[in-house]
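Shown next, in structure tokens, is the structure this report addresses.
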2 protein chains.
Amino acid sequence: MKKFMQVAIAEAEKGLRKKAGGPFGAVIVLDGKLIASAHNEVIKNNDPTCHAEIQAIRAAAKKLKRFDLSDCEIYSSCEPCPMCLAAIHWAKIRKLYFGATRKDAEDVGFDDKFIYDVICGTAKKKQVSVVQISRRECLVPLKKWLNLKSKTQY
Amino acid sequence: MKKFMQVAIAEAEKGLRKKAGGPFGAVIVLDGKLIASAHNEVIKNNDPTCHAEIQAIRAAAKKLKRFDLSDCEIYSSCEPCPMCLAAIHWAKIRKLYFGATRKDAEDVGFDDKFIYDVICGTAKKKQVSVVQISRRECLVPLKKWLNLKSKTQY
């Protein structure tokens with residue numbers, strides 16, 4: 001366990017040196033073997049979705065040629081933000097090891113804890129104004145999906 | 001408003017026809033102009049992170065060459081899952097229009113509502129087993145980030 005976390009920490013350090021993004025690293029492991037390792041690249045890629053866990057999941061899925069990583073484990077140098085925790089669920093990963101906490105991330109300037117609070121309805125401020133429109137029209141593709149005879153559910 | 005949601009719905013329909021992924025579409029708008037539109041491509045790309053909103057955010061950030069989309073609005077044919085809602089926050093988008101709900105998505109076989117429940121601690125089952133290790137070592141890159149004199153906070 002510690003060995004893979006050290007790789008995740010080394011990735012975080014590499015990202016720091018390269019000024020690629022926030023100081024975070026992640027690693028995907030399958031059957032005790034490292035499949036993918038990544039660091040945050042939000043700044044380098046100009047892409048707000050390039051957190052370490054997302055990058056590692058994308059790299060592992062590409063390498064394994066499948067979106068189902070249910071036989072993999074993920075190591076993250078910091079508790080995943082809600083984007084990454086949800087991505088871990090969508091990837092069907094069953095085990096997550098993490099090091100620092102969302103509070104530790106907040107203490108060095110990142111919004112992880114705030115976004116958790118927003119999602120759970122306990123945030124004291126609001127960043128995104130949300131409006132629901134056109135539900136009836138938006139249900140049409142959902143119903144078509146439900147009625148598809150042959151489809152890949154994920 | 002309705003006009004851009006119709007583009008999002010058309011993207012959802014396009015994704016369905018191509019069997020690219022789930023029946024979802026999203027659009028990013030800046031100053032009343034369409035900047036990016038996308039559909040879910042989880043199946044096509046073998047990538048569990050390729051939800052419509054993530055694809056649209058990535059495309060818009062690439063086009064605008066910046067990770068800060070605070071002057072943009074997003075339209076999604078379905079309420080964003082926690083991955084996408086968090087990504088919208090990281091992208092600093094201020095306005096979200098959505099159509100169908102997380103319950104509508106659940107009704108056609110998607111885990112959006114379950115993942116919300118997991119993140120908020122109200123889920124009745126557990127998919128991911130979570131273990132914290134090595135916090136002290138993982139704090140090292142965070143402290144280095146805090147002490148960096150020149151950095152881009154996001």
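Labeling convention for the structure tokens: chains A, B, ... as they appear, residues from 1 per chain, ligands from 1 in order of appearance.
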Could you pull the residues within 12 Å of A:Phe110, counting only C-alpha atoms, minus those fewer than 2 positions along the same chain, as a PyMOL selection string? (chain A and resi 21-24+51+78-81+101-108+112-116) or (chain B and resi 89-90+142+145-146+152-154)
Go ahead and dump the residues you just picked, N, CA and C atoms, as an mmCIF file, in the first residue's frame.
data_model
loop_
_atom_site.group_PDB
_atom_site.id
_atom_site.type_symbol
_atom_site.label_atom_id
_atom_site.label_comp_id
_atom_site.auth_asym_id
_atom_site.auth_seq_id
_atom_site.Cartn_x
_atom_site.Cartn_y
_atom_site.Cartn_z
ATOM 1 N N GLY A 21 0.065 22.067 -12.300
ATOM 2 C CA GLY A 21 -1.231 22.290 -11.652
ATOM 3 C C GLY A 21 -1.090 22.163 -10.157
ATOM 4 N N GLY A 22 -2.179 21.852 -9.467
ATOM 5 C CA GLY A 22 -2.153 21.677 -8.013
ATOM 6 C C GLY A 22 -1.254 20.517 -7.599
ATOM 7 N N PRO A 23 -0.854 20.481 -6.306
ATOM 8 C CA PRO A 23 0.147 19.518 -5.811
ATOM 9 C C PRO A 23 -0.445 18.151 -5.464
ATOM 10 N N PHE A 24 -1.041 17.517 -6.464
ATOM 11 C CA PHE A 24 -1.758 16.266 -6.223
ATOM 12 C C PHE A 24 -1.336 15.185 -7.212
ATOM 13 N N HIS A 51 -7.756 16.924 -12.947
ATOM 14 C CA HIS A 51 -7.256 16.541 -11.626
ATOM 15 C C HIS A 51 -6.489 15.228 -11.753
ATOM 16 N N CYS A 78 -4.342 12.988 -2.012
ATOM 17 C CA CYS A 78 -5.302 13.799 -1.242
ATOM 18 C C CYS A 78 -6.694 13.209 -1.426
ATOM 19 N N GLU A 79 -7.534 13.372 -0.446
ATOM 20 C CA GLU A 79 -8.933 12.935 -0.550
ATOM 21 C C GLU A 79 -9.526 13.488 -1.845
ATOM 22 N N PRO A 80 -10.113 12.656 -2.683
ATOM 23 C CA PRO A 80 -10.647 13.147 -3.950
ATOM 24 C C PRO A 80 -11.741 14.191 -3.744
ATOM 25 N N CYS A 81 -11.774 15.198 -4.609
ATOM 26 C CA CYS A 81 -12.878 16.161 -4.607
ATOM 27 C C CYS A 81 -14.117 15.429 -5.136
ATOM 28 N N THR A 101 -6.476 15.308 3.603
ATOM 29 C CA THR A 101 -7.942 15.418 3.614
ATOM 30 C C THR A 101 -8.435 16.648 2.827
ATOM 31 N N ARG A 102 -9.745 16.703 2.619
ATOM 32 C CA ARG A 102 -10.351 17.867 1.941
ATOM 33 C C ARG A 102 -10.064 19.145 2.729
ATOM 34 N N LYS A 103 -9.949 19.018 4.049
ATOM 35 C CA LYS A 103 -9.644 20.185 4.897
ATOM 36 C C LYS A 103 -8.191 20.617 4.665
ATOM 37 N N ASP A 104 -7.282 19.629 4.534
ATOM 38 C CA ASP A 104 -5.877 19.954 4.222
ATOM 39 C C ASP A 104 -5.803 20.696 2.888
ATOM 40 N N ALA A 105 -6.599 20.251 1.891
ATOM 41 C CA ALA A 105 -6.616 20.910 0.571
ATOM 42 C C ALA A 105 -7.137 22.341 0.711
ATOM 43 N N GLU A 106 -8.202 22.501 1.508
ATOM 44 C CA GLU A 106 -8.760 23.844 1.749
ATOM 45 C C GLU A 106 -7.707 24.765 2.375
ATOM 46 N N ASP A 107 -6.928 24.209 3.303
ATOM 47 C CA ASP A 107 -5.924 25.010 4.016
ATOM 48 C C ASP A 107 -4.835 25.555 3.088
ATOM 49 N N VAL A 108 -4.661 24.913 1.895
ATOM 50 C CA VAL A 108 -3.658 25.451 0.963
ATOM 51 C C VAL A 108 -4.337 26.072 -0.269
ATOM 52 N N ASP A 112 -12.126 22.108 -2.596
ATOM 53 C CA ASP A 112 -12.721 20.766 -2.438
ATOM 54 C C ASP A 112 -13.841 20.739 -1.402
ATOM 55 N N LYS A 113 -13.559 21.270 -0.206
ATOM 56 C CA LYS A 113 -14.549 21.189 0.877
ATOM 57 C C LYS A 113 -15.780 22.021 0.535
ATOM 58 N N PHE A 114 -15.574 23.191 -0.044
ATOM 59 C CA PHE A 114 -16.704 24.042 -0.446
ATOM 60 C C PHE A 114 -17.621 23.297 -1.424
ATOM 61 N N ILE A 115 -17.011 22.607 -2.401
ATOM 62 C CA ILE A 115 -17.826 21.915 -3.409
ATOM 63 C C ILE A 115 -18.580 20.735 -2.777
ATOM 64 N N TYR A 116 -17.932 20.029 -1.846
ATOM 65 C CA TYR A 116 -18.675 19.015 -1.073
ATOM 66 C C TYR A 116 -19.888 19.655 -0.402
ATOM 67 N N HIS B 89 -18.185 23.746 -11.074
ATOM 68 C CA HIS B 89 -17.624 24.638 -10.040
ATOM 69 C C HIS B 89 -16.140 24.899 -10.279
ATOM 70 N N TRP B 90 -15.373 23.851 -10.588
ATOM 71 C CA TRP B 90 -13.941 24.055 -10.839
ATOM 72 C C TRP B 90 -13.724 24.975 -12.041
ATOM 73 N N LEU B 142 1.656 19.513 -0.380
ATOM 74 C CA LEU B 142 0.698 20.599 -0.100
ATOM 75 C C LEU B 142 1.412 21.782 0.554
ATOM 76 N N TRP B 145 3.430 23.675 -1.954
ATOM 77 C CA TRP B 145 2.538 24.530 -2.755
ATOM 78 C C TRP B 145 2.237 25.825 -2.002
ATOM 79 N N LEU B 146 1.896 25.687 -0.720
ATOM 80 C CA LEU B 146 1.553 26.847 0.111
ATOM 81 C C LEU B 146 2.706 27.853 0.138
ATOM 82 N N THR B 152 -0.076 29.748 -9.816
ATOM 83 C CA THR B 152 -1.409 30.046 -10.328
ATOM 84 C C THR B 152 -2.426 29.292 -9.491
ATOM 85 N N GLN B 153 -3.140 29.994 -8.621
ATOM 86 C CA GLN B 153 -4.182 29.296 -7.840
ATOM 87 C C GLN B 153 -5.424 29.192 -8.723
ATOM 88 N N TYR B 154 -6.144 28.078 -8.606
ATOM 89 C CA TYR B 154 -7.365 27.930 -9.422
ATOM 90 C C TYR B 154 -8.534 27.486 -8.563
#
Select residues of chain A: the criterion is any atom within 7 Å of an atom of chain B, counting only C-alpha atoms; output as a CSV table (one decimal) with C-alpha atoms, in the first residue's frame.
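This is the output file iface37.csv:
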chain,number,residue,atom,x,y,z
A,9,ILE,CA,3.3,11.5,-3.8
A,12,ALA,CA,2.4,15.3,-6.9
A,13,GLU,CA,6.0,16.5,-6.5
A,23,PRO,CA,0.1,19.5,-5.8
A,46,ASN,CA,-5.8,24.8,-19.4
A,47,ASP,CA,-8.4,22.3,-18.5
A,48,PRO,CA,-10.3,22.5,-15.1
A,49,THR,CA,-11.1,18.7,-15.3
A,58,ARG,CA,-8.5,8.2,-18.2
A,61,ALA,CA,-9.1,3.1,-19.1
A,62,LYS,CA,-7.2,3.9,-22.3
A,65,LYS,CA,-9.4,-0.4,-23.4
A,66,ARG,CA,-12.5,-0.4,-21.1
A,67,PHE,CA,-14.5,2.0,-19.0
A,77,SER,CA,-2.2,11.8,-2.3
A,78,CYS,CA,-5.3,13.8,-1.2
A,82,PRO,CA,-16.5,15.3,-5.5
A,83,MET,CA,-15.6,15.4,-9.3
A,84,CYS,CA,-13.0,12.7,-8.7
A,86,ALA,CA,-17.9,10.5,-8.5
A,87,ALA,CA,-15.5,9.6,-11.4
A,90,TRP,CA,-18.5,5.8,-12.5
A,91,ALA,CA,-15.3,3.8,-13.2
A,93,ILE,CA,-13.3,1.2,-8.8
A,94,ARG,CA,-13.9,-0.7,-5.5
A,95,LYS,CA,-11.0,0.6,-3.3
A,96,LEU,CA,-9.7,4.0,-2.7
A,97,TYR,CA,-6.6,4.9,-0.6
A,98,PHE,CA,-6.1,8.6,0.1
A,99,GLY,CA,-3.6,10.7,2.2
A,100,ALA,CA,-4.3,14.3,3.0
A,108,VAL,CA,-3.7,25.5,1.0
A,115,ILE,CA,-17.8,21.9,-3.4
A,120,CYS,CA,-24.7,18.3,0.0
A,127,GLN,CA,-21.2,30.0,-6.8
A,128,VAL,CA,-23.5,28.5,-9.5
A,129,SER,CA,-27.0,29.8,-10.1
A,130,VAL,CA,-29.2,26.8,-11.2
A,131,VAL,CA,-32.4,26.9,-13.3
A,132,GLN,CA,-34.5,24.0,-14.5
A,133,ILE,CA,-36.1,24.4,-17.9
A,134,SER,CA,-37.6,22.1,-20.7
A,135,ARG,CA,-37.8,18.9,-18.6
A,138,CYS,CA,-35.3,16.6,-22.2
A,139,LEU,CA,-37.1,13.4,-21.2
A,141,PRO,CA,-33.8,11.0,-25.3
A,142,LEU,CA,-34.0,9.3,-21.9
A,145,TRP,CA,-32.6,5.1,-24.3
A,146,LEU,CA,-34.9,3.1,-22.0
All Cα atoms, paired in order, least squares: that's the fit I need for chain A onto chain B, output as a compact mmCIF listing (two decimals) with C-alpha atoms, in the first residue's frame.
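Listed below is the output, out_35.txt:
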# COMPACT_ATOMS: atom_id res chain seq x y z
CA MET A 1 -32.53 29.86 -23.19
CA LYS A 2 -34.78 27.31 -24.89
CA LYS A 3 -32.71 27.58 -28.09
CA PHE A 4 -29.51 26.41 -26.40
CA MET A 5 -31.33 23.64 -24.54
CA GLN A 6 -32.59 22.42 -27.90
CA VAL A 7 -28.97 22.13 -29.06
CA ALA A 8 -28.19 20.13 -25.91
CA ILE A 9 -31.14 17.82 -26.64
CA ALA A 10 -30.01 17.44 -30.27
CA GLU A 11 -26.56 16.43 -28.96
CA ALA A 12 -28.20 13.81 -26.69
CA GLU A 13 -30.07 12.45 -29.73
CA LYS A 14 -26.85 12.41 -31.79
CA GLY A 15 -25.07 10.43 -29.05
CA LEU A 16 -27.98 7.97 -29.01
CA ARG A 17 -27.84 7.47 -32.79
CA LYS A 18 -24.07 6.93 -32.72
CA LYS A 19 -24.29 4.68 -29.62
CA ALA A 20 -21.55 6.91 -28.18
CA GLY A 21 -22.81 6.67 -24.60
CA GLY A 22 -25.71 7.69 -22.36
CA PRO A 23 -28.52 9.90 -23.78
CA PHE A 24 -27.16 13.21 -22.52
CA GLY A 25 -26.06 16.47 -24.17
CA ALA A 26 -24.54 19.75 -22.99
CA VAL A 27 -23.73 23.17 -24.41
CA ILE A 28 -21.47 26.04 -23.29
CA VAL A 29 -22.49 29.59 -24.13
CA LEU A 30 -20.50 32.84 -23.91
CA ASP A 31 -22.13 36.23 -24.53
CA GLY A 32 -25.12 34.56 -26.19
CA LYS A 33 -22.91 32.54 -28.55
CA LEU A 34 -22.46 28.80 -28.60
CA ILE A 35 -18.83 27.96 -27.71
CA ALA A 36 -18.99 24.18 -27.41
CA SER A 37 -21.54 21.39 -27.60
CA ALA A 38 -21.03 17.73 -26.72
CA HIS A 39 -22.71 14.45 -25.92
CA ASN A 40 -21.81 11.61 -23.60
CA GLU A 41 -19.00 9.46 -25.09
CA VAL A 42 -18.31 6.97 -22.29
CA ILE A 43 -18.83 3.96 -24.55
CA LYS A 44 -17.27 5.33 -27.74
CA ASN A 45 -14.11 6.49 -25.91
CA ASN A 46 -14.02 3.69 -23.33
CA ASP A 47 -13.65 6.47 -20.77
CA PRO A 48 -15.93 6.72 -17.70
CA THR A 49 -15.25 10.48 -17.38
CA CYS A 50 -16.65 11.42 -20.81
CA HIS A 51 -20.01 12.76 -19.66
CA ALA A 52 -21.59 15.45 -21.86
CA GLU A 53 -20.83 18.31 -19.43
CA ILE A 54 -17.18 17.25 -18.99
CA GLN A 55 -16.74 16.99 -22.76
CA ALA A 56 -18.35 20.42 -23.27
CA ILE A 57 -16.21 22.04 -20.55
CA ARG A 58 -13.04 20.50 -21.98
CA ALA A 59 -13.93 21.67 -25.50
CA ALA A 60 -14.78 25.20 -24.33
CA ALA A 61 -11.61 25.49 -22.24
CA LYS A 62 -9.53 24.29 -25.19
CA LYS A 63 -11.22 26.76 -27.54
CA LEU A 64 -10.86 29.70 -25.13
CA LYS A 65 -7.36 28.57 -24.02
CA ARG A 66 -8.19 29.02 -20.34
CA PHE A 67 -9.45 26.92 -17.43
CA ASP A 68 -11.55 29.78 -16.02
CA LEU A 69 -14.97 29.82 -17.70
CA SER A 70 -16.55 32.24 -15.24
CA ASP A 71 -18.07 34.27 -18.10
CA CYS A 72 -19.80 31.19 -19.58
CA GLU A 73 -23.13 29.46 -19.00
CA ILE A 74 -23.80 25.73 -19.34
CA TYR A 75 -26.94 23.97 -20.56
CA SER A 76 -27.35 20.28 -19.79
CA SER A 77 -30.22 18.06 -20.95
CA CYS A 78 -30.10 16.36 -17.53
CA GLU A 79 -29.19 17.51 -14.03
CA PRO A 80 -25.41 17.08 -13.81
CA CYS A 81 -24.09 14.17 -11.76
CA PRO A 82 -21.72 15.12 -8.89
CA MET A 83 -18.68 14.67 -11.18
CA CYS A 84 -20.09 17.19 -13.64
CA LEU A 85 -21.51 19.57 -11.02
CA ALA A 86 -18.11 19.70 -9.32
CA ALA A 87 -16.43 20.23 -12.73
CA ILE A 88 -18.81 23.16 -13.35
CA HIS A 89 -17.63 24.63 -10.04
CA TRP A 90 -13.93 24.04 -10.84
CA ALA A 91 -14.52 25.75 -14.22
CA LYS A 92 -16.04 28.66 -12.25
CA ILE A 93 -19.16 28.68 -14.44
CA ARG A 94 -21.81 30.85 -12.79
CA LYS A 95 -25.05 29.68 -14.43
CA LEU A 96 -26.41 26.19 -15.08
CA TYR A 97 -29.62 25.34 -16.94
CA PHE A 98 -30.72 21.72 -16.77
CA GLY A 99 -33.74 19.72 -18.00
CA ALA A 100 -34.38 16.20 -16.67
CA THR A 101 -33.54 15.38 -13.02
CA ARG A 102 -31.19 12.94 -11.26
CA LYS A 103 -34.32 10.88 -10.50
CA ASP A 104 -35.22 10.81 -14.22
CA ALA A 105 -31.66 9.55 -14.92
CA GLU A 106 -32.04 6.89 -12.22
CA ASP A 107 -35.33 5.77 -13.78
CA VAL A 108 -33.50 4.90 -17.02
CA GLY A 109 -30.62 3.09 -15.32
CA PHE A 110 -27.95 5.64 -14.33
CA ASP A 111 -26.29 5.98 -10.91
CA ASP A 112 -26.41 9.79 -10.58
CA LYS A 113 -28.71 9.80 -7.55
CA PHE A 114 -26.81 6.97 -5.84
CA ILE A 115 -23.52 8.87 -6.22
CA TYR A 116 -25.12 12.03 -4.78
CA ASP A 117 -26.27 9.94 -1.82
CA VAL A 118 -22.78 8.43 -1.36
CA ILE A 119 -21.12 11.85 -1.38
CA CYS A 120 -23.62 13.21 1.13
CA GLY A 121 -23.36 10.14 3.37
CA THR A 122 -26.99 9.05 2.95
CA ALA A 123 -26.49 6.06 0.60
CA LYS A 124 -27.80 2.72 1.86
CA LYS A 125 -25.12 0.68 0.05
CA LYS A 126 -21.38 1.18 -0.42
CA GLN A 127 -19.54 0.72 -3.70
CA VAL A 128 -16.10 2.06 -2.83
CA SER A 129 -14.17 1.02 0.25
CA VAL A 130 -12.11 4.00 1.49
CA VAL A 131 -8.91 3.87 3.57
CA GLN A 132 -6.75 6.79 4.70
CA ILE A 133 -2.97 6.19 4.83
CA SER A 134 0.25 8.25 4.87
CA ARG A 135 -1.34 11.65 5.61
CA ARG A 136 1.90 13.07 7.02
CA GLU A 137 3.90 12.25 3.86
CA CYS A 138 1.05 13.46 1.63
CA LEU A 139 1.05 16.85 3.35
CA VAL A 140 4.60 17.56 2.11
CA PRO A 141 3.65 18.59 -1.48
CA LEU A 142 0.69 20.60 -0.10
CA LYS A 143 3.03 22.57 2.18
CA LYS A 144 5.45 23.15 -0.70
CA TRP A 145 2.54 24.54 -2.76
CA LEU A 146 1.55 26.86 0.10
CA ASN A 147 5.10 28.19 0.29
CA LEU A 148 5.55 28.69 -3.47
CA LYS A 149 6.18 32.39 -4.12
CA SER A 150 4.84 32.36 -7.68
CA LYS A 151 1.91 30.11 -8.50
CA THR A 152 -1.42 30.06 -10.34
CA GLN A 153 -4.18 29.31 -7.84
CA TYR A 154 -7.37 27.95 -9.40
